[in-house]
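Next comes coords_7.tsv, a file with TSV, C-alpha atoms.
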```
chain	number	residue	atom	x	y	z
A	1477	MET	CA	10.91	-121.63	39.41
A	1478	ALA	CA	12.94	-121.11	36.24
A	1479	PRO	CA	16.31	-121.98	37.87
A	1480	THR	CA	14.87	-125.38	38.76
A	1481	TYR	CA	14.16	-126.16	35.12
A	1482	GLN	CA	17.10	-124.32	33.54
A	1483	PRO	CA	20.27	-124.42	35.64
A	1484	GLY	CA	22.31	-121.29	35.18
A	1485	LEU	CA	19.28	-119.16	34.28
A	1486	TRP	CA	19.18	-116.24	36.64
A	1487	VAL	CA	15.72	-114.89	37.38
A	1488	ARG	CA	15.85	-111.53	39.04
A	1489	THR	CA	12.16	-110.69	39.19
A	1490	THR	CA	9.14	-112.88	38.65
A	1491	VAL	CA	5.79	-111.15	38.26
A	1492	GLY	CA	2.32	-112.68	38.37
A	1493	ILE	CA	-0.48	-111.34	36.19
A	1494	GLY	CA	-4.22	-111.37	36.81
A	1495	PRO	CA	-7.38	-109.76	35.45
A	1496	MET	CA	-8.18	-106.49	37.19
A	1497	GLY	CA	-11.94	-106.47	36.79
A	1498	CYS	CA	-12.69	-109.48	38.94
A	1499	ARG	CA	-10.62	-108.91	42.09
A	1500	PRO	CA	-8.85	-112.11	41.22
A	1501	ALA	CA	-8.68	-114.83	43.81
A	1502	ALA	CA	-5.11	-115.79	42.86
A	1503	HIS	CA	-3.87	-112.22	43.39
A	1504	ASP	CA	-5.77	-111.72	46.63
A	1505	SER	CA	-4.69	-115.14	47.94
A	1506	TRP	CA	-1.05	-114.30	47.23
A	1507	ARG	CA	-1.38	-110.93	48.97
A	1508	ALA	CA	-3.23	-112.43	51.97
A	1509	GLY	CA	-0.96	-115.45	52.34
A	1510	SER	CA	-3.98	-117.76	52.41
A	1511	CYS	CA	-6.52	-118.97	49.88
A	1512	VAL	CA	-9.54	-116.72	49.45
A	1513	ARG	CA	-12.70	-116.75	47.31
A	1514	ARG	CA	-13.74	-113.95	44.95
A	1515	PRO	CA	-16.49	-113.53	42.35
A	1516	ILE	CA	-15.43	-114.05	38.74
A	1517	ARG	CA	-15.92	-110.94	36.60
A	1518	THR	CA	-13.54	-111.43	33.70
A	1519	THR	CA	-14.04	-112.74	30.19
A	1520	VAL	CA	-10.50	-114.13	30.13
A	1521	GLU	CA	-11.31	-117.77	30.74
A	1522	GLY	CA	-7.77	-118.92	31.48
A	1523	LEU	CA	-7.49	-116.43	34.35
A	1524	ALA	CA	-11.03	-116.76	35.67
A	1525	THR	CA	-10.80	-118.54	38.98
A	1526	GLY	CA	-13.09	-117.91	41.89
A	1527	ARG	CA	-10.70	-119.08	44.59
A	1528	GLY	CA	-7.05	-119.51	45.36
A	1529	PHE	CA	-5.69	-123.05	45.38
A	1530	PRO	CA	-3.14	-124.33	47.91
A	1531	LEU	CA	-0.64	-125.93	45.49
A	1532	PRO	CA	-0.18	-122.93	43.13
A	1533	GLN	CA	-0.04	-120.60	46.12
A	1534	ARG	CA	2.71	-122.72	47.72
A	1535	LEU	CA	4.64	-122.71	44.44
A	1536	VAL	CA	4.60	-118.93	44.06
A	1537	ARG	CA	5.03	-118.05	47.72
A	1538	GLY	CA	8.53	-116.66	48.13
A	1539	ARG	CA	9.23	-116.80	44.37
A	1540	LEU	CA	6.86	-114.16	43.06
A	1541	HIS	CA	8.11	-110.60	43.47
A	1542	ASP	CA	4.95	-108.77	42.45
A	1543	PHE	CA	1.51	-109.39	40.98
A	1544	HIS	CA	0.20	-106.98	38.34
A	1545	LEU	CA	-3.46	-106.64	37.47
A	1546	VAL	CA	-4.59	-105.81	33.93
A	1547	THR	CA	-8.01	-105.16	32.42
A	1548	ASP	CA	-9.74	-107.40	29.91
A	1549	ALA	CA	-9.35	-104.55	27.40
A	1550	GLN	CA	-5.57	-104.41	27.96
A	1551	ILE	CA	-5.38	-108.16	27.46
A	1552	ALA	CA	-7.39	-107.90	24.22
A	1553	GLN	CA	-5.01	-105.18	23.00
A	1554	ALA	CA	-2.03	-107.44	23.73
A	1555	GLN	CA	-3.71	-110.32	21.86
A	1556	ARG	CA	-4.17	-108.08	18.80
A	1557	LEU	CA	-0.55	-106.93	18.98
A	1558	LEU	CA	0.70	-110.51	19.18
A	1559	ALA	CA	-1.50	-111.51	16.23
A	1560	SER	CA	-0.60	-108.56	14.03
A	1561	CYS	CA	3.09	-108.06	14.82
A	1562	ALA	CA	4.34	-111.44	16.03
A	1563	HIS	CA	1.92	-113.56	13.99
A	1564	THR	CA	1.07	-115.41	17.19
A	1565	LEU	CA	-2.46	-116.40	18.17
A	1566	ALA	CA	-2.78	-116.36	21.94
A	1567	GLU	CA	-5.74	-116.83	24.21
A	1568	GLY	CA	-6.33	-114.01	26.67
A	1569	ALA	CA	-4.40	-115.68	29.48
A	1570	GLY	CA	-1.45	-116.13	27.12
A	1571	ALA	CA	-1.39	-112.43	26.30
A	1572	ALA	CA	-1.71	-111.23	29.91
A	1573	GLY	CA	2.05	-110.91	30.47
A	1574	LEU	CA	2.46	-108.65	27.45
A	1575	ALA	CA	-0.60	-106.67	28.58
A	1576	ALA	CA	1.12	-105.96	31.91
A	1577	VAL	CA	4.28	-104.72	30.19
A	1578	LEU	CA	2.29	-102.50	27.83
A	1579	ALA	CA	0.17	-101.13	30.69
A	1580	ARG	CA	3.19	-100.11	32.78
A	1581	PRO	CA	6.03	-99.11	30.47
A	1582	ASP	CA	7.65	-97.05	33.25
A	1583	VAL	CA	7.98	-100.13	35.49
A	1584	PHE	CA	9.61	-102.25	32.78
A	1585	ALA	CA	11.61	-99.59	30.87
A	1586	GLY	CA	15.31	-100.29	30.52
A	1587	ARG	CA	15.02	-103.90	31.66
A	1588	ARG	CA	15.69	-107.09	29.79
A	1589	LEU	CA	12.37	-108.87	29.72
A	1590	VAL	CA	11.08	-112.30	28.95
A	1591	VAL	CA	7.34	-112.42	28.44
A	1592	VAL	CA	6.00	-115.93	28.33
A	1593	CYS	CA	3.15	-116.29	25.86
A	1594	THR	CA	1.19	-119.42	26.67
A	1595	GLY	CA	-2.18	-120.86	25.95
A	1596	GLY	CA	-3.64	-122.24	22.79
A	1597	ASN	CA	-7.19	-122.48	24.06
A	1598	ALA	CA	-8.61	-119.44	22.30
A	1599	SER	CA	-12.10	-120.09	20.99
A	1600	ALA	CA	-13.07	-119.38	17.39
A	1601	THR	CA	-15.05	-116.38	18.65
A	1602	GLU	CA	-12.03	-115.03	20.52
A	1603	ILE	CA	-9.79	-115.41	17.47
A	1604	ALA	CA	-12.38	-113.77	15.20
A	1605	ALA	CA	-12.59	-110.81	17.59
A	1606	LEU	CA	-8.90	-110.06	16.95
A	1607	GLY	CA	-9.84	-108.83	13.49
A	1608	GLN	CA	-12.65	-106.58	14.72
A	1609	PRO	CA	-12.13	-102.85	15.17
A	1610	ARG	CA	-11.20	-101.89	18.70
A	1611	THR	CA	-13.84	-100.44	20.98
A	1612	GLN	CA	-13.20	-98.19	23.96
A	1613	ASP	CA	-13.29	-101.29	26.17
A	1614	GLY	CA	-10.85	-103.34	24.12
```
Translate this structure into C-alpha coordinates?
Amino acid sequence: MAPTYQPGLWVRTTVGIGPMGCRPAAHDSWRAGSCVRRPIRTTVEGLATGRGFPLPQRLVRGRLHDFHLVTDAQIAQAQRLLASCAHTLAEGAGAAGLAAVLARPDVFAGRRLVVVCTGGNASATEIAALGQPRTQDG
(Lines of atoms letter the chains of each structure in order from A and count residues from 1; the text may use other names and numbers.)
(Lines give C-alpha, C1' and ligand atoms only; values in the text may rest on other atoms or scores of the structure.)
Protein backbone atom coordinates (compact mmCIF):
# COMPACT_ATOMS: atom_id res chain seq x y z
CA MET A 1 0.00 0.00 0.00
CA ALA A 2 2.96 2.34 0.49
CA PRO A 3 3.33 3.17 -3.24
CA THR A 4 -0.23 4.47 -3.19
CA TYR A 5 0.60 6.99 -0.49
CA GLN A 6 4.19 7.75 -1.49
CA PRO A 7 4.77 7.70 -5.25
CA GLY A 8 8.26 6.54 -6.07
CA LEU A 9 8.60 4.50 -2.87
CA TRP A 10 9.46 0.97 -3.83
CA VAL A 11 8.23 -1.69 -1.44
CA ARG A 12 9.85 -5.01 -2.08
CA THR A 13 8.43 -7.04 0.78
CA THR A 14 5.57 -6.29 3.12
CA VAL A 15 5.21 -8.47 6.19
CA GLY A 16 2.26 -8.75 8.56
CA ILE A 17 2.78 -9.36 12.27
CA GLY A 18 0.49 -11.09 14.75
CA PRO A 19 0.61 -12.54 18.26
CA MET A 20 1.65 -16.19 18.27
CA GLY A 21 -0.12 -17.33 21.41
CA CYS A 22 -3.65 -16.83 20.21
CA ARG A 23 -3.69 -18.41 16.74
CA PRO A 24 -4.58 -14.99 15.45
CA ALA A 25 -7.65 -14.63 13.30
CA ALA A 26 -5.99 -12.06 11.01
CA HIS A 27 -3.09 -14.43 10.26
CA ASP A 28 -5.30 -17.46 9.77
CA SER A 29 -7.76 -15.50 7.62
CA TRP A 30 -4.91 -14.31 5.39
CA ARG A 31 -3.56 -17.86 5.05
CA ALA A 32 -7.04 -19.33 4.39
CA GLY A 33 -8.13 -16.62 1.97
CA SER A 34 -11.38 -16.16 3.90
CA CYS A 35 -12.34 -14.68 7.26
CA VAL A 36 -12.14 -17.10 10.18
CA ARG A 37 -12.79 -16.91 13.93
CA ARG A 38 -10.24 -17.80 16.61
CA PRO A 39 -10.14 -17.50 20.41
CA ILE A 40 -8.21 -14.51 21.77
CA ARG A 41 -5.25 -15.55 23.93
CA THR A 42 -2.95 -12.56 23.84
CA THR A 43 -2.44 -9.65 26.22
CA VAL A 44 -1.52 -7.35 23.33
CA GLU A 45 -4.80 -5.49 23.04
CA GLY A 46 -4.09 -3.84 19.68
CA LEU A 47 -3.58 -7.25 18.05
CA ALA A 48 -6.31 -9.12 19.89
CA THR A 49 -9.03 -9.84 17.40
CA GLY A 50 -11.20 -12.91 17.43
CA ARG A 51 -12.06 -12.88 13.75
CA GLY A 52 -10.82 -11.72 10.40
CA PHE A 53 -12.60 -8.76 8.82
CA PRO A 54 -13.37 -8.50 5.10
CA LEU A 55 -12.02 -4.97 4.45
CA PRO A 56 -8.54 -5.45 6.01
CA GLN A 57 -8.27 -8.86 4.37
CA ARG A 58 -9.09 -7.36 0.95
CA LEU A 59 -6.48 -4.64 1.52
CA VAL A 60 -3.67 -7.06 2.35
CA ARG A 61 -4.59 -9.77 -0.14
CA GLY A 62 -1.97 -9.71 -2.87
CA ARG A 63 0.11 -7.04 -1.09
CA LEU A 64 1.35 -8.95 1.93
CA HIS A 65 4.30 -11.22 1.25
CA ASP A 66 4.42 -13.02 4.58
CA PHE A 67 2.89 -12.95 8.04
CA HIS A 68 5.17 -13.48 11.05
CA LEU A 69 3.90 -14.52 14.45
CA VAL A 70 5.59 -13.34 17.65
CA THR A 71 4.98 -14.11 21.31
CA ASP A 72 3.70 -11.63 23.87
CA ALA A 73 7.12 -11.94 25.56
CA GLN A 74 8.93 -10.99 22.32
CA ILE A 75 6.64 -8.00 21.94
CA ALA A 76 7.32 -6.92 25.54
CA GLN A 77 11.07 -7.20 24.87
CA ALA A 78 10.71 -4.98 21.80
CA GLN A 79 8.70 -2.44 23.83
CA ARG A 80 11.50 -2.28 26.42
CA LEU A 81 14.13 -1.87 23.70
CA LEU A 82 12.18 0.96 22.08
CA ALA A 83 11.74 2.67 25.46
CA SER A 84 15.35 2.30 26.59
CA CYS A 85 17.25 2.81 23.32
CA ALA A 86 14.96 4.89 21.12
CA HIS A 87 13.18 6.74 23.94
CA THR A 88 9.89 5.74 22.32
CA LEU A 89 6.88 4.54 24.27
CA ALA A 90 4.92 2.07 22.18
CA GLU A 91 1.94 -0.08 22.97
CA GLY A 92 2.42 -3.78 22.30
CA ALA A 93 0.91 -3.64 18.83
CA GLY A 94 3.28 -0.79 17.96
CA ALA A 95 6.30 -2.85 18.97
CA ALA A 96 5.24 -6.03 17.14
CA GLY A 97 7.17 -5.22 13.95
CA LEU A 98 10.43 -4.78 15.85
CA ALA A 99 9.66 -7.98 17.79
CA ALA A 100 9.45 -9.90 14.50
CA VAL A 101 12.81 -8.55 13.33
CA LEU A 102 14.46 -9.37 16.66
CA ALA A 103 12.93 -12.86 16.70
CA ARG A 104 14.23 -13.75 13.23
CA PRO A 105 17.54 -11.99 12.63
CA ASP A 106 18.49 -14.55 9.96
CA VAL A 107 15.42 -13.65 7.85
CA PHE A 108 16.10 -9.92 7.98
CA ALA A 109 19.94 -9.86 8.03
CA GLY A 110 21.56 -7.80 5.30
CA ARG A 111 18.32 -6.09 4.28
CA ARG A 112 17.34 -2.47 4.46
CA LEU A 113 14.38 -2.40 6.79
CA VAL A 114 11.67 -0.01 7.76
CA VAL A 115 9.86 -0.98 10.93
CA VAL A 116 6.75 1.05 11.51
CA CYS A 117 6.19 1.78 15.19
CA THR A 118 2.58 2.75 15.73
CA GLY A 119 0.15 2.96 18.56
CA GLY A 120 -0.07 5.34 21.44
CA ASN A 121 -2.71 3.41 23.35
CA ALA A 122 -0.48 1.86 25.98
CA SER A 123 -2.13 1.85 29.38
CA ALA A 124 -0.41 3.21 32.47
CA THR A 125 0.05 -0.38 33.65
CA GLU A 126 1.68 -1.36 30.36
CA ILE A 127 4.06 1.60 30.49
CA ALA A 128 4.94 0.90 34.13
CA ALA A 129 5.75 -2.71 33.24
CA LEU A 130 8.52 -1.49 30.91
CA GLY A 131 10.56 -0.56 33.98
CA GLN A 132 10.07 -3.91 35.69
CA PRO A 133 12.74 -6.60 35.57
CA ARG A 134 12.20 -9.11 32.80
CA THR A 135 10.73 -12.49 33.62
CA GLN A 136 11.21 -15.66 31.59
CA ASP A 137 7.93 -14.90 29.83
CA GLY A 138 8.76 -11.31 28.94
Spatial neighbours of region 1509-1522 of chain A, 10 Å, all atoms listed in the file, chain gap at least 3 places, as a PDB file with C-alpha atoms, keeping the file's coordinate frame:
```
ATOM      1  CA  GLY A1494      -4.220-111.370  36.810  1.00  0.00           C
ATOM      2  CA  PRO A1495      -7.380-109.760  35.450  1.00  0.00           C
ATOM      3  CA  MET A1496      -8.180-106.490  37.190  1.00  0.00           C
ATOM      4  CA  GLY A1497     -11.940-106.470  36.790  1.00  0.00           C
ATOM      5  CA  CYS A1498     -12.690-109.480  38.940  1.00  0.00           C
ATOM      6  CA  ARG A1499     -10.620-108.910  42.090  1.00  0.00           C
ATOM      7  CA  PRO A1500      -8.850-112.110  41.220  1.00  0.00           C
ATOM      8  CA  ALA A1501      -8.680-114.830  43.810  1.00  0.00           C
ATOM      9  CA  ALA A1502      -5.110-115.790  42.860  1.00  0.00           C
ATOM     10  CA  HIS A1503      -3.870-112.220  43.390  1.00  0.00           C
ATOM     11  CA  ASP A1504      -5.770-111.720  46.630  1.00  0.00           C
ATOM     12  CA  SER A1505      -4.690-115.140  47.940  1.00  0.00           C
ATOM     13  CA  TRP A1506      -1.050-114.300  47.230  1.00  0.00           C
ATOM     14  CA  THR A1525     -10.800-118.540  38.980  1.00  0.00           C
ATOM     15  CA  GLY A1526     -13.090-117.910  41.890  1.00  0.00           C
ATOM     16  CA  ARG A1527     -10.700-119.080  44.590  1.00  0.00           C
ATOM     17  CA  GLY A1528      -7.050-119.510  45.360  1.00  0.00           C
ATOM     18  CA  PHE A1529      -5.690-123.050  45.380  1.00  0.00           C
ATOM     19  CA  PRO A1530      -3.140-124.330  47.910  1.00  0.00           C
ATOM     20  CA  GLN A1533      -0.040-120.600  46.120  1.00  0.00           C
ATOM     21  CA  ARG A1534       2.710-122.720  47.720  1.00  0.00           C
ATOM     22  CA  ARG A1537       5.030-118.050  47.720  1.00  0.00           C
ATOM     23  CA  THR A1547      -8.010-105.160  32.420  1.00  0.00           C
ATOM     24  CA  ASP A1548      -9.740-107.400  29.910  1.00  0.00           C
ATOM     25  CA  ALA A1549      -9.350-104.550  27.400  1.00  0.00           C
ATOM     26  CA  ILE A1551      -5.380-108.160  27.460  1.00  0.00           C
ATOM     27  CA  ALA A1552      -7.390-107.900  24.220  1.00  0.00           C
ATOM     28  CA  GLU A1567      -5.740-116.830  24.210  1.00  0.00           C
ATOM     29  CA  GLY A1568      -6.330-114.010  26.670  1.00  0.00           C
ATOM     30  CA  ALA A1569      -4.400-115.680  29.480  1.00  0.00           C
ATOM     31  CA  GLY A1570      -1.450-116.130  27.120  1.00  0.00           C
ATOM     32  CA  ALA A1572      -1.710-111.230  29.910  1.00  0.00           C
ATOM     33  CA  GLY A1595      -2.180-120.860  25.950  1.00  0.00           C
ATOM     34  CA  ASN A1597      -7.190-122.480  24.060  1.00  0.00           C
ATOM     35  CA  ALA A1598      -8.610-119.440  22.300  1.00  0.00           C
ATOM     36  CA  GLU A1602     -12.030-115.030  20.520  1.00  0.00           C
TER      37      GLU A1602
END
```
Task: Counting all atoms listed in the file, the residue of A:Pro1532, A:His1544, A:Ala1524, A:Leu1558 that sits nearest Phe1584 (chain A) - done: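 With all atoms listed in the file as the atom set, the closest residue is A:His1544.
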TODO: Take CA of Gly1607 (chain A) and CA of Arg1556 (chain A) and report the distance between them in Å, one decimal.
DONE: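 CA of Gly1607 (chain A) sits 7.8 Å away from CA of Arg1556 (chain A).
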Task: Counting only C-alpha atoms, the residue of A:Ile1493, A:Val1536, A:Val1546, A:Ala1508 that sits nearest Val1591 (chain A) - done: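 Of the candidates, the smallest distance to Val1591 (chain A) is held by A:Ile1493.
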TODO: Kindly give the distance, in Å, that separates CA of Gly1596 (chain A) and CA of Leu1531 (chain A), rounded to a single decimal.
DONE: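 These atoms are spaced 23.2 Å apart.
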Open item on the list: Rounded to one decimal, what separation in Å do you get between CA of Pro1581 (chain A) and CA of Ser1599 (chain A)?
Closed with: 29.3 Å
- [ ] Return the single residue from A:Ala1579, A:Leu1540, A:Cys1593, A:Leu1545 that is closest to Ala1562 (chain A), with distances computed using only C-alpha atoms.
- [x] A:Cys1593
Task: Among the residues A:Thr1601, A:Gln1608, A:Arg1507, A:Ala1554, the one that comes closest to Val1577 (chain A) [using all atoms listed in the file] - done: A:Ala1554
